[in-house]
Structures are given as structure tokens and as C-alpha cells.
Amino acid sequence: MPVWLALTLALCWPIAFAAASDFAPVIEGRPLAFPADTGAHPDYRTEWWYITGWLTDETGIERGFQVTFFRVGTGIGADNPSRFAPRQLILAHAAIADPSVGSLIHAERIERALEPLAGAAMGQTRAWIADWELASDATDGPERYRTRIEADDFALDLELVTTGPPLPNGRGGFSQKTPDPSNASYYYSRPQLAVEGRIRLDGTDRHVTGHAWLDHEWSSEIMPEEAQGWDWIGINLHDGGSLMAFRMRGRDGSALWTSGTLRDGAAPARTLVPDEVRFQPGRLWQSPRTGTRYPVEWTLEVAGRTLRLEPLMDDQELDGRRSTGIVYWEGAVRVYEADREVGRGYLEMTGYAQRPDSL
Amino acid sequence: MGILGSGNSAALRHVFLASLRRRRLATALSLLAIALGVALGLAVQLIHTAALDELDRGMRLLSGEADLQVVGPRSGFDDAVYARIALHPTVAAASPLLEIQARLPGRDETLRVFGIDLFRVAQVTPSLLPIVETAAADGEDPEGSDADRPDRLAALQPDALFLSPAASTRLELDAGDAVVVQVGIGEARLRVAGSVPSAGVGQVLAVMDIAGAQQTFDRIGRLTRIDLRLAPGIERGPAQELLRDLLPPGVTLLTPEETASEVTGVSRAYRVNLTMLAAIALLTGGFLVFSTQWLAVVRRRREFAFLRALGLDRNSLERGLLTEGALLGLIGGIAGVLLAYLLTALAFRLIGGDLGAGFFRGVAPQLRVEPVLTLAYLGLGVLAGVAGAWLPAREAARMVPARGLRAGDEAEVYQARPRRGAALIALSVAALLCLLPPIGGVPVSGYLAVALILVAAVLAIPGATVGAMRLLPVRGSLVTRLARARLAAAPGQAVVAGVGVVASVALAVSMAIMVDSFRDSLDAWLTRMLPADLYLRASDSGASGYLDPDAVARVAALPGVAGVRPVRFENLRIGEVREAIALIARPVQDTSGLPLVAGTLDPPAGPGTDPPTWISEALADRLDLGVDDPLALPLGEQIQTFRIVGIWRDYARQQGAAVIELETFRALTGDRRTNDLGLSLAPGTDPVEVMSAIRATLGDRVSEMILPGELRSMILQVFDRTFLATYLMLAVAVTIGLFGIGTTFAALASSRQKEFGILRHLGLPRRRIGTLLALEAALTAAVGVGVGLAAGAAIALVLIRVINPQSFHWSMDMQLPLATLLVFGSAMILLAALAARLAGRQAMRQDAVLAVREDW
Amino acid sequence: MLSIENLSKRFDTSLDHPLFEQVSLHLSPGESVAVMGESGVGKSTFLNCIAGLEPVDGGRIRLRDTEVTSLDEDACSRMRRRELGFVFQAFHVLPHLTLAQNVALPLWLLDEQEAVADRRARAMLERVGLGRRGDDWPRHLSGGELQRVAIARALVHAPAVVLCDEPTGNLDPERAQGVLELLFEGIHNAGAIGILVTHSRAAAAHADRILRLTASGLVADVG
């Protein structure tokens, strides 16, 4: 559940009157169909393909990375025959967390969907802005994703091979976000992606391997008025299992809704009900840039297990005050259970500096 | 040491410079002439520098960091090109633009609107980036969290328009206000959603989303420009070649400099010509300084002789007189500079930066102090003063003091050798210069020829005087014989008195002939170009209004309308010519046609022949084409070859124009829009009724109608206004010339006291002496006017046959306004006689002698 | 010391016969001489030759150590400025300068400070009896007064030689007398050489010597 949602909605706030009713509603009971549902759903307002993971290069240095492609329906230009009609926008964001740098290296792009320059294809995953791309391919062997990002400061060219079928979250892919079921999305994850490829940093290409996680989520209405922000994790467990959990916070900091999906080892995944997930903030880190305080360490109680989250590095804040106006924390974390590392993944925390959007 | 080298600065001040103050009238006129010349020249330069600077700034601002720009005809090109270009590996960033001159109904104004892709524009032309300003965005939100967030997507709304600060001021519109723009004959309502803060103070423009612009202005699928930034390491030249292959015919790639020079290039000839007019004013000023200084030298002959006897050396004397001239030039120059800034400020307020010629629309230039330019013109003023004083100063320095000390030998100064050889050489060189081509589009050699003809005329005066006196009958009254003898013996007197006359008459006559020829040709051209009874258009041809076929049909069906003749204007880029040329699609063969200078209106049409086109003289010149040559034009993004069947005269489009049949155009492009509609009315129909009927049919605010008569007189009015400044300058020059004669004879009268005394002793009545002076003046003026007329006719010939075709690529029929010239010449002669007579009478009244001498 | 040796001058190169020939004259400071002669014999030309205003056709003129006849045009101008004073029959008082400015003119040409020049000019005017009229304009003056101004101007820069060309030709006899007294007193007091060209025997009588210019030279006046 990347913060880019909030970012996009924030960009769109003056057109908030283009109400959710202009878009298709998210209703429980619509089964996800693959591979068709890995493609874009332009009838819904927002949609994203969100990849996070850990990479290790030849020298053994570990880094976190994140690549997101976003599709936003603007509600503008439905009747405009112009090829430039901005009905859909495509956004892309990529970041690398390198402890030797100490803060995130990131880049972003935004374009209107305009064949063949930028778009999000239906039927199968393919989203692109010029030479930035994320696409899936199932023709030969296991289904795999390929993503390429060429930014000024860094580059990513990764192949991500799936190790299992898509994992629907919530009730058969219907993921409720608040007590009100109209705040919901269609949501599936691809945990335990085996990554191999190349990254460029400081002008040097490095061969990397690792593990990653892909979320694909689409909706028309997620965050209610009373929500202040959320905390989210996506963890690849070392035993081959996976854990997704999120908490929607109210304005007073209390949990409005929590949920998750846990798969232990090879066991079938199970959806966690709100009572089964508890987020407990631990050590606070204060950003020298924005002054915002983030709980960079957490204790999670999930289905009776107690897990501890520790960040790859403290400063994984994204300061968007100059561009998007949104400040949030999104970074690589290690997961411990009784002092033993049991998994690695990504943590996202929003709404600590300010509320990310007005919807 | 003083300026004089030897001799104290007190001597300079009291002896030389103070003399300027003593002859106030002459000094004032010299100052006026120099001041006017400097003022006009500098004002023209200031206005154009400011306008060009602003234009250039605008161009740079609007091209941003673009390395190359894809440009096409005015109506734009297919936007499918965009993706091809944007994906090309040599291109790092491509930003599509759709530029529209939006007519604002009810405002009598157009607004330059740029349709942009706001996600792309920041990469190439960040200055066009719009900023959303909502009425509620002023911190009224209690949380303050939403309002201060950039909300760029609001700019995607199809009706959101963003105004540059200058546009906002000009149109008096703020965020939240509605703006109505005309599209065809309809109106569309837009909303001011914010500003374009980086557009710069002088740029009147608006920005909106490109999709909204295409939709609003009915230009779906069209772009007018793509700005490109090339990938690192890619050179412009090779990229230009590679990318050009991706473009359809008629669409090309230019560097921003080339795009800018297109605009400045078109106006260059116009600017140079205005500058030259100012230079002529300055030249007249120089002649005037010459005339007054020469007379002053003659008058002060004994004073100089005496000063020389006291030990003033030659050089000091010469320098003193040159300093007088320089001071005249300096004071005149300073006055001129002040006047120039005043005029410029006034011009910016009243008519904008293009002096009404329409070259610099959409820029609001600011008056700025231009130190270099100002100093240069001040320098020119001083130069005119010094140059005018140069010959008189040399004459004074050459004088033998021992002779000067003797009274009453002024006639000696008026000795002048006829310089027939020099005059002939000057004329021959002038003739040769006329054969040379222009330099950079400016007829430099033509202007040099004009200057040489003037020089030749001045050189010819002594010879002409002597010759003319020989022609006079030897018999005749005593007075006639005396006058004849005097002038034949002292032709230099005619030079001094007549040089102002010759110069001013030559310039006046040449301009009169040129303007008269031009006006006649223009009038005939307008009659030819405007054969209909009534003209209708939705807007200027470059702006967003047009008539669709339905509107044309509705107008054609109105009672009283016997026929309609639609015209479509477009502009095209053809390979060889960098500036876009005008294309006029209209019915030709079955109408009153075109003002042809070559070819035919009714070419034989046969199967397999290319469609006909008629090209303007400018295009024929620039492409070096003649009748029967083929001409390939990119129409509808393909090349169509036309056959040139005629060349016509065009005073409207310097860049060149081609006329083709409307049907051909429609068949090739599918464009059925009409810009201008000529209506022929049924006999006896009142055009005013038809006009009301059209207004009722099409709506009040979206159409402009004009009767050809009104249009014609409007154009001729503009024409006359353009030349008004010229006429004013000429009037000043002619007055100055006349004044020169008057004052010369006043000075002569007072210095010839003894001669006249003797004549009176011999029994000549006082009255007859006045007659003698008047006759001498009349003869002098007659010679001056005669030489001036001849020189004027020669200069007119150069203007018409060399300078105009080279500057503007248009021809005109030479027309001699004989009656006007005859009246003008006779009036000059009579006025000269009268002036001399008056001056002489004043001079011969003893008490008045001093007064006159004091003044001169 | 002014010495003229064998000076000869043709009126015009086109005329073959000379105007005067073999004119010699030696004058010491403080000495004055009147030159008389028939009309047309070249009395004014003689003065012009001394002043270097006209070229000579033969002979030499030396002023102190300077050979005037060998000076070029500009050197002549400098010599005149420094060494000569002029008084003309036609006064040549510039109408657009005040009396003081007219008198200061030679000092201006010698690069004198304007204030100094003004002071000396006014002192000189005082000596010719026009002390209070320095700021007057020439048009308010009578002929005699104008010539006094001219005399002041001729003496103001203490020249070595004062050349007077018929200075009283335009004045009635009474005034002429006063002007001549003033002139010669000035020349004498200044220790200058005075050369007076005149028709008037009465005027000539003021000089130390009277000579007569003839076609064949200067001879002592015996009239």
C-alpha cells in the first residue's frame, strides 16, 4: 500500500468533485482472475504495481530497493478525442536504500498515458514511461517480471521470477481498509520473488541478486476522512512464507483498522482479522530534514507470534516537500523473532509529518 | 592650453562659440534639423531595439533549453509526428506545443495561447509552467495543509487557462475570472486558473493543457511546434538530419536561433528603411550646418582676417569653427536624444513596439536607456555638425588675411570652380552602385547611390549656374543683366544659397515621386485585390476565428447576396526558403483576378498538367522562379507540384506568397475552412442591410465585416500616416532651404552696401535694387530647384527601381506628379525671391543692417 | 630691434613691375617712424609684410633675432601674437565683445588666465581714458573712443612693435590729435617700436622720423 496513492490523490485534490462515483466501485465477491487481473483496470481511480526488496551485490553489500508504477484516472477528458486527453496519468517512482549513502536515492516520473510514450496495458502487467518499465512475461517457464529504471543518479534492471501463484489479500482479494467496507481495494501480492539483475550506482554497474515482493492493488476509494495515516509491512520470511500487515490510524493515533495475510512456510495463507494484528511502535528516530519523528523499530503481534522490526538504516525518509508536498518513511527492514532473523521486507509509515491527503 | 591648441579657451568661448548665440535664428534652425535627425533615428532604433530585445527574450524564454524545434505551417502538423520524434534515441526530451492566436470576442484583441503538456514542458521550457491559483487558496483552509500543496493536475482541466503577468494586466483578468475565446464563429468559455509566473514581464501569453487546447480550438490532432532537447553527446547538425527524415513534407527542424531570425528577418528591411529616413533627416541637418556656417564664415571674413593679424593661426581658426559645428551638433544631439526618449515612450504608450507595422505583435516592450546607442546617435549629431562646418572652416583658414582685412571683397568667396568632372564621377559611381545586389537583404549600395547623387547635385551647382546664366538672354533690362553678370561671376554665391535648396528639393522631390508612385500602385493594387462588394471574416487570418462551410452557405443564402468568394490563408515552409511563405487559396480563374506583372490568369488546362499557381514578386525573387517553372508545395503533408502561370504584385506579404485555386487546396488538404469571404451583392442591395442580416445569422461578436471602400481608405490612411514623418522632415528641410536663401541674400545685401550705393549714385532707384536682389535670388533658386528636380528624379528612380525591390521585393509603376512638382518648384522660386526681397529691404535700412548682421 | 633690408614686393605676381623695391629700415626699441607716400605705392602692404601677413618678393625682415621672412605661416602667427600690436583705420573692434574683452583678446590668444587678462585689459582701458567703460558694448562708442580701445588692445600685451595703418583716417582732426598723442605716448612708454602709415602730415609729425615710401625705397621726407 504505497504512499504514492496518497501522493496522487493529493495532486488530484482540486478535482475531488470528480467523485468516486465516476469510477467503478470495489465490491466484495468479485473473484480475481489471472493473468487478466495482472493488467491495468482503468475503470478504477487508482492502481499501482509496487515492488520492494533486498539486493546483495558481488561484494556482499546489501541494499533495499523500491519500484512503483502508478496509474491514476483523472476523470478529465473522457469526451476529448485528443490523443493528449489526460484521462489516465502514469507515475513512476524508484528508490535505493544504501547504508553507505545513509539516505534514500530516488527518482520519479509522471506522464499522461499516451501510446506509445507512456501507459498501463490491460490483460497483463505492463506499465511504462518512456524507457522506465515494468512488465510481466509468462510465455516461457515460470512467470517473471522485468523492470528497468534509468535515472540520472542510478539505474535498475531487474528480473523477478515468481515462486508461486498470486496471493490474494483480504477476503479473496477484497481488502477492506476501514470499518466501512466501501473503503476497500482489490489487492494481491507476489511474495518471494527471486531477483537477479544489475544496478548502477555512482556510475558503476553491479550484478545483484535478492528477494522481492510485488503488490498490485486497485481501488476507487480507500482512505476515509477520519484517517491520519497508515503503517504497512510486506515481509519475505526465511522459511519461504510471507507476511503482509497494515494498520490504518485515526487522527488520535489509534488503530481504525488492521489486517494482514500470513503464510507460514509452505502452509496455505490465511487472512488475519483486525484482532489478530497489533502494531506497537518502538524506538523513535527524528529526521534532521523535516523534524518528523518516526518509530523506526516496531514490535508486531501477529496471530500469536511476536516479531521485532529493525531498519536497514534509520534515515529512509522521503522528503517531498518541494515536489509532492508529502513526507513519509519507506524502507528496508529486518524481522526478528526471539533474536533470530526470520525475514526481510519493507516498512511504510505515513501521516507522521502531516496527513497525506484530504480524501 | 585651450581646445584651440594655441589661444585661450576664452577666445574659443567668446569669439567662436558666442557667435552661435549671436545668430540665433540660424543656430536654432541648424539645431532643429540635427535634433530632429538624431531624435528620429534614435527613436526608431530605441523602439526597435526594445521590441527586438523583448521579442528575442520571448523567443529564448519560449524555446527554453530547446536544442531544436519542429515547426510546420501555421495550421500546424499531424501530432502523430510527436511520438515518433519523442522516441527517437537522439532525443532526450520532447515537448509538444499548439500555439493559437485566440481572438477574444468583444475585446478587439487576440491572445497568444500555448497548449502544452505540463509534464513535458518543465523539461524543455520551464518558463511556460503554469501555477494553479484558486480563489480559496489564500490560506483560508484552517489546516493550511491542502492549500499550499502544488496541485498541478488542476492544470489538466480542459477549460483551465493560465495567464502570464503581462497578459493578466493587459486583459485585467485574475484567477477565477472567465475568458471567452472565439473558435470559428463560435465562442468557448475558459476560466483563469492561475498564472505563468516565469513568462517575464513583457510577454503577453496564456498557457493551457494541450488536450484542452486541441479540443477547445477544434484543432484535434494538430501541433504547431515540438521543442526538443537532445540526448547528451548528440550534436545538433547530425540530429537535425536524422530527425528530418521522420517529418512529413512542409514540416522542418530549426534551431531556436533560426526560428528567432525568421521573425527579425522579416522586419529587417522595414527597420533599415526607417533608419535611413532618419539618416536623411540627419543629412539635411548636416547640409544646414554647412549652409549657416558658410554664411557665417563669409560674414565674419574681416573678423577672422583681423584675428589672424592679431596672431590666431590657421589651425586654431579652423578648429574654432569646427568646434562651433561640433557644439551645434552636440546641443542638437542632446536635444535630439531627449526628444527620442520622449517619442519612444509616447510610441510605446500609443502604438506599441512595431510602429504600427504589425511585426512585433504580442510583445510589450519597455523603454530602457540604451547607453551605447544613445552615445552613437549623439556622436552622429556631432559628426553632422562637424561635417557641415568642415568646408566653411577650411575656406576660412585658407583665406589670405591681408586681403580679408580689406573691406568689400566677399564676392571672392563666391568664386567656385565648376566641378563637372567630380559630379560626373559621382553620378557614374552611383549608377554602378545601383547594379549591385543587396547585402544581407539591405540595399546598402542603393543608399550609397542616393548619397552620391546628392553630392553630385551639390557639385553641379556652380556649373549649372554658369550654364544657366549663359542661356539667359544677354539683352534685357539693366537689372537682369546685372543679376546675370553677378551670378555668372560668383557662382559660389549660388552654391552657398542654393545648397540647402538643392538638397531639400532633391529629397522632397524624390520622396514625392516615390510616395506618389507607391500610393498610386497601392491604390490600383487594392482595387484589384478587393473586387467584392463586402468582406466578411471571423478573425484575423492568423487567429482562431474562421468560417465553416455551413456558415458560408448560410451567408450565401441570405437575400441580396449574389455570390460568395471564399479565401483560405495558410502558410507553408518550403525547403529553399527559411521563412514560411503565405499560401492563398481562392478562386482565381473566374474572378477579376490578380494584379499580374507577368503570366496569365487563364492558363490552358489540359489533362496531365499540374495545377496552376500564381506567385508574388517576392517569392519569384527569392526562389529565382519565372512563369512556367514548376513549384513544389507541401500541402496536406505531401508534396504537390504546381505550375507557375503568373507573377503578381503583392504589397502585403514580404516573405512571399503563392495563390492557388481554392478547389485544388480543398481537394489536397480536406480543409474546408474559410478565412475571408468576399460577397458580391445583387444590384440595388444595400450593403448595410446585408451586414445586419449576417450579424443576425452568425452572431454579433464573432465576425468582422468591412466594405472594400472603407478597407481601402483605411489602408491608405495607414500608408499616409507612415509617410507623415517623412513629409514633416521634408517640410523642415524645405523651410530650411528657403531660409538659407533669405539669409544669404540678407547677408549679401549688407555686404554689398557699397555696390548698391554706387548703383544708386548711378541713378538706379532703390526699388530696383530690391528687384535686383529678388531676381538674383529667383535665379539662384531656379538653378537650385532645377538641379534639385533632376537629382530628385534620379533618387526617386533609385528608390523605386533599386531600394524598394531589394528591401521589400515589390515593384511599383513610376509616376511623375508633374503638376505638384511644377507648383512646388515655382513656389520655391517665388518664395526665394520674396525672402531675398524682404531680407534685402531689411538689410538696406541702415538701422536694420546691424540687426540682421547681429542675427546672422 | 627691427631691421628691414632690401625689401621688395610686387603687388601681384601677374604684375611684372614691383610695388616697391630695396626698402631698408632699422629701428631700435622706443623709436617710432611715420611712413608716408602716394596712394597705391603699397604703404599697407609694407606693414603687412612686416607682420608676415603677405609674402615678400625679396629682402629680409628681422625682429630681434627672428628672421620674419623665413617663418612659416604658423610661426608667423605666433610671432604676431607675441611681438606685434595693430591699430587699423577701420578700428576692428569686435561688436559682440565688451570693451574689456576686446582689449583682452591678444592676452587670450597668449593663453593668459581669463581673470588676469581681464585685469590687465581694464588697467589698459584706464590708461586710454575709458577706465569705467570696460563692460560697455562698442556700439555705444564714438569713432575716437573706438580707436582708443584699439590702441589699448594694441598695447595690452606689451608688444615689441606696434603697426598703425592710418589710425586716424576715420576721425575728425580734433579727435585725431588726442588719439595720436595717446598712441605715441603708449608706444614710447612701452619702449616699443612704432611704425605709422598715414597720409596725414599732422599725424606723421608725432613720430620721431618721417619717411616717404616710393617705388625705389624709403627716403627721408623732405616735404
# chains A, B, ... in the order shown; residues from 1 in each chain; ligands from 1
$ select_by_dssp --residues "segment 33-142 of chain C" --states "strand (DSSP E)" --output "ChimeraX atom specification"
/C:33-37,58-63,66-67,84-88
$ residues_around --residues "Arg133 of chain C" --least-positions-apart "2" --cutoff "9 Å" --atoms "only C-alpha atoms" --output "list of chain:residue names"
C:Thr98, C:Leu99, C:Ala100, C:Arg122, C:Leu125, C:Glu126, C:Leu130, C:Gly131, C:Asp135, C:Asp136, C:Trp137
$ write_last_selection --atoms "C-alpha atoms" --output "PDB file, in the first residue's frame"
ATOM      1  CA  THR C  98      32.686  94.206 -24.477  1.00  0.00           C
ATOM      2  CA  LEU C  99      35.421  96.804 -24.461  1.00  0.00           C
ATOM      3  CA  ALA C 100      37.355  94.886 -21.833  1.00  0.00           C
ATOM      4  CA  ARG C 122      40.857  97.100 -17.637  1.00  0.00           C
ATOM      5  CA  LEU C 125      41.477 100.901 -20.700  1.00  0.00           C
ATOM      6  CA  GLU C 126      42.112 103.128 -17.701  1.00  0.00           C
ATOM      7  CA  LEU C 130      37.965 104.532 -20.762  1.00  0.00           C
ATOM      8  CA  GLY C 131      38.519 103.168 -17.264  1.00  0.00           C
ATOM      9  CA  ASP C 135      31.649  96.406 -19.659  1.00  0.00           C
ATOM     10  CA  ASP C 136      30.194  98.676 -22.345  1.00  0.00           C
ATOM     11  CA  TRP C 137      29.485  97.458 -25.858  1.00  0.00           C
TER      12      TRP C 137
END
$ interface_residues --of "chain C" --to "chain B" --cutoff "10 Å" --atoms "only C-alpha atoms" --output "NGL selection string"
:C and (44-45 or 47-49 or 51-54 or 73-86 or 88 or 90 or 92-97 or 101-102 or 104-114 or 117 or 139 or 153-154)
$ residues_around --residues "segment 174-177 of chain C" --least-positions-apart "5" --cutoff "9 Å" --atoms "only C-alpha atoms" --output "list in words"
Gly143, Gly144, Glu145, Pro167, Thr168, Gly169, Leu182, Ala202 and Ala203 of chain C
$ select_by_dssp --residues "segment 433-516 of chain B" --states "alpha helix (DSSP H)" --output "MDAnalysis selection string"
chainID B and resid 433 444:471 478:489 491:516
$ residues_around --residues "Leu312 of chain A" --least-positions-apart "2" --cutoff "8 Å" --atoms "only C-alpha atoms" --output "list in words"
Gly64, Pro99, Glu310, Asp314, Gly331, Ala332, Val333 and Arg334 of chain A
$ residues_around --residues "Phe20 of chain C" --least-positions-apart "4" --cutoff "6 Å" --atoms "only C-alpha atoms" --output "mmCIF file with C-alpha atoms, in the first residue's frame"
data_model
loop_
_atom_site.group_PDB
_atom_site.id
_atom_site.type_symbol
_atom_site.label_atom_id
_atom_site.label_comp_id
_atom_site.auth_asym_id
_atom_site.auth_seq_id
_atom_site.Cartn_x
_atom_site.Cartn_y
_atom_site.Cartn_z
ATOM 1 C CA SER C 8 60.763 94.379 -52.315
ATOM 2 C CA LYS C 9 57.197 93.444 -53.100
ATOM 3 C CA ALA C 215 58.802 102.688 -55.758
ATOM 4 C CA SER C 216 62.550 102.663 -55.253
#
$ residues_around --residues "Arg198 of chain A" --least-positions-apart "5" --cutoff "12 Å" --atoms "only C-alpha atoms" --output "number ranges by chain"
A: 55-58, 146-150, 154-160, 204-210
